[in-house]
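Below: one structure, written as C-alpha cells.
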Amino acid sequence: MVKGTYDVVIAGTDLPAVIFGALAAKKGYRVLVLGHGSDKNVYEVNGYLFVRRSCSLFGLSDSAPIRNVFKELALSSEINNLLQHVSPACQVILPDARVDVSLQREVFTREIEREFPGQFKTLESIFGEFEDVERLLEPVLATAPVLPPGSIREWFAYRNSNKALSSLLSKTGTDALEPLSAYPRLRSFLAGPTSAMSRLAEPWKAPIPFVRLISHMRSGPVFVEWGEDTLKKLFLARINDNSGDVRGADSVDTLVVKRGRVQEVEILNRAESIGVGMMVCGDDLHSFLPLIPQRQAKRRYHAKIEAKTPSHYGITLNLGMRRSGLPEGLAHMAHMISDPTKPMHGSNLLTIRIDPAMPPIEGQDPGKVTLSVTALMPANRFNGQAAPIQEFADEMLVQLKRLLPFLDEHLEVADVSSIKLDEKTGLPVLERTGLIEIYPEIENRSIDLMTWPVRTAYKNMLNLANYTAGPLGFEGAFVAAQVAFSILSRQFELKRVM
C-alpha cells in the first residue's frame with residue numbers, strides 16, 4: 001500500500017544527487033532522500049580521521065556552474081565564509097625535482113624556470129591556447145545544456161555549444177598534451193595532477209574538460225572544514241528546509257515499474273511503499289538496476305549497463321603517523337611521479353593529501369597527522385575481492401617510502417578504505433564505498449563532459465552517481481545536477497507552481 005507520494009525520490013547520497021535534490025526542493029518539488037547504504041566520507045580508526053574517498057575541492061570559489069548552484073540555493077555567503085585557500089595549490093614531485101604550483105604568477109614562473117629550464121615559453125603558449133578554449137567553455141557550462149541531447153530543443157542547444165567550441169578544438173586535437181611529447185618531465189607535470197583531479201585515467205585525451213582541469217589546477221583547491229561531508233550536509237539541510245524529507249537509514253528494496261516508468265519504491269525492512277514522480281539513482285547504477293524485478297526490467301538496457309565497466313579503480317590508503325615524520329616543505333596536496341615517461345596510473349602516480357578529512361585547524365593534534373595516498377589500480381587486477389586491493393596498497397606503500405624513508409618509525413596506523421573486516425569471520429572483505437570508479441569512455445555528443453548519460457532507459461529515472469560527469473572531476477557533480485534539473489523541469493511540470 002502506498003503511504004505517500006513524492007515528486008522526486010533520490011536513493012543514495014552521491015554529491016550530484018544531493019545537489020540536484022536541493023535545487024528541486026528549492027523550486028517547490030517535494031523531495032525524499034533515502035540514504036540507501038551511504039555513509040559519511042570521514043571515518044575514525046584509533047583516533048585518526050580517515051577518508052573513504054579523497055576529495056579535492058577544485059573550482060569551489062571560481063566555477064560558474066558551482067557559483068550558480070550556491071546562488072540559487074541562497075548559500076553563497078555561507079560557503080564563502082567556509083572557504084580557505086590553500087597555497088601552494090599543489091606540489092608535483094618528480095625523481096629529480098619538486099615543483100610548487102603557486103597562486104602567485106611570479107613564484108610559479110620561477111618554479112618552472114628552475115625545474116624546467118628553457119621550457120617556460122612552451123608551457124606559457126599552451127596555457128594561452130587553453131585559456132582561449134576556456135573563455136568559450138565557461139558560458140556553455142553556465143547554461144547547463146542537457147548532454148547528450150534528447151529532445152529537439154536540447155539538440156539545438158548542443159549544436160550551438162559544439163559550434164562555439166569546435167573552432168578551437170583543432171588547436172588541441174585529440175591529445176591536449178601532444179605539443180609536450182618531446183618534454184616528458186614537463187608533460188608529466190600537467191598529466192599527473194589532472195589524472196588525480198578527473199575521473200578519467202587519461203584526461204588529456206578529452207581536451208575540452210582537460211583545459212578546465214588545468215585552470216582549476218592553477219587556481220588551486222580550497223579548504224572547507226570536513227570537506228565533502230560539509231557540502232552534503234548543506235544540501236541536505238536545504239532539502240529539509242524546503243519541505244523535503246531525508247531518511248538516511250532507509251534503503252530501496254524494490255522498484256515497481258509499469259510501462260517503462262518507476263511507479264513505486266518499496267522500502268527495505270518496512271511495510272511501506274512510496275509513490276514516485278521522478279526516480280534518481282544517487283549510487284552506482286550497476287547495483288541499483290537489479291532492484292527492478294526481471295519481468296519489469298528493460299533487459300537490453302540492463303545488459304548494456306552491465307557491460308560498461310571501469311578501466312581503473314581509485315584506491316585510497318590512509319596513514320596515521322606522528323607529524324615529525326613529514327618531510328619539510330611537503331604541500332597540503334602533492335603528486336608523486338616515479339617515472340615521467342610511464343602512464344599516470346598504478347603506483348607510478350601517488351596523490352598524497354595531508355589531513356584529507358579537513359578537520360578544524362584549531363582542533364588538530366600538533367603531534368599527529370593523517371595522510372591519504374590515492375592511486376589508480378588497473379581494473380584487470382581486480383577480481384571483486386579484497387586481496388588484490390591490499391596487494392596494490394602494499395605497492396603504493398613501497399613507492400611512498402621513497403619520499404618518506406623513515407615512515408615505519410613514525411607510522412601508527414594504516415587502513416585501506418576499500419577493505420573492511422567481516423563481522424562474522426574477521427577476514428578482510430571488499431568495502432565498495434571506498435572504491436573510486438574510473439570509466440574510459442566518454443558519451444557521444446556530450447562535448448567530452450559526460451562519462452555516463454543522466455537519462456536512463458526508464459522514462460522517469462535519472463542517473464546521478466559520482467562518476468556521471470567524470471571528466472570534470474569535482475566540478476562535474478554540479479554540472480550533472482544542473483543537467484538533471486533541466487530534464488526534471490521540462491519533463492515534470494510542477495502544478496503547484498503558480
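To be explicit about the labels: the chains of the C-alpha cells are called A, B, and onward in the order shown, and within each one the residues are counted from 1, while ligands get numbers from 1 in the order they are shown.
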
Identify, on the basis of only C-alpha atoms, every residue whose closest approach to Val99 in chain A does not exceed 9 Å; exclude the query and any residue fewer than 3 positions from it along the same chain; express the result as a PDB file with C-alpha atoms, in the first residue's frame.
ATOM      1  CA  CYS A  90      49.645  21.626  -5.116  1.00  0.00           C
ATOM      2  CA  GLN A  91      53.092  20.166  -5.494  1.00  0.00           C
ATOM      3  CA  VAL A  92      54.459  17.864  -8.183  1.00  0.00           C
ATOM      4  CA  ILE A  93      57.304  15.618  -7.080  1.00  0.00           C
ATOM      5  CA  LEU A  94      59.468  14.123  -9.836  1.00  0.00           C
ATOM      6  CA  PHE A 108      55.088  29.933 -10.309  1.00  0.00           C
ATOM      7  CA  GLU A 111      59.443  27.366 -10.153  1.00  0.00           C
ATOM      8  CA  ILE A 112      59.007  26.378 -13.809  1.00  0.00           C
ATOM      9  CA  ARG A 114      64.177  26.470 -12.194  1.00  0.00           C
ATOM     10  CA  GLU A 115      62.935  22.908 -12.702  1.00  0.00           C
ATOM     11  CA  PHE A 189      53.865  17.920 -14.589  1.00  0.00           C
TER      12      PHE A 189
END

Please provide the set of residues having any atom within 8 Å of range 464-481 of chain A, restricted to only C-alpha atoms, with same-chain residues fewer than 4 positions apart removed, written as a VMD selection string.
chain A and resid 14 to 17 19 to 20 55 to 60 63 65 to 66 69 141 144 197 to 200 203 206 209 to 210 212 to 213 280 to 285 437 to 439 448 to 454 485

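By only C-alpha atoms, and with residues fewer than 3 positions from Asn80 in chain A along its chain excluded, the set lying at most 10 Å from it is A:Leu60, A:Ser61, A:Phe70, A:Leu75, A:Ser76, A:Ser77, A:Leu83, A:Gln84, A:Val224.
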
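Interatomic distance, CA of Glu266 in chain A to CA of Lys233 in chain A: 25.5 Å.
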
Which residue, A:Ala142, A:Met321, A:Ala331, A:Ile126, has the smallest gap to Leu177 in chain A when you use only C-alpha atoms?
A:Ile126

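The closest residue to Pro356 in chain A, picked from A:Glu113, A:Asp229, A:Glu154, A:Glu395 and counting only C-alpha atoms, is A:Asp229.
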
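Distances from A:Thr109, A:Ser215, A:Asn41, A:Thr374 to Leu349 in chain A were compared using only C-alpha atoms, and the smallest one belongs to A:Thr374.
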
Going by DSSP on the backbone, which residues of range 300-482 of chain A come out as strand (DSSP E)? List them as a ChimeraX atom specification.
/A:312-322,333-337,346-354,368-378,411-416,419-421,428-430,436-438,461-463

Can you pull out every residue within 12 Å of Pro139 in chain A, counting only C-alpha atoms, but drop anything in the same chain fewer than 5 positions away, and send it as JSON, numbers by chain?
{"A": [63, 64, 65, 68, 133, 134, 144, 145, 160, 161, 164, 165]}

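Shell of Asn162 in chain A at 9 Å, with only C-alpha atoms counted and residues fewer than 3 places along the chain excluded, is Ala157, Tyr158, Arg159, Leu165, Ser166, Arg445, Ser446 and Ile447 of chain A.
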
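Each of A:Thr254, A:Asn380, A:Thr370, A:Thr341 was compared to Asn269 in chain A using only C-alpha atoms, and A:Thr254 turns out to be the nearest.
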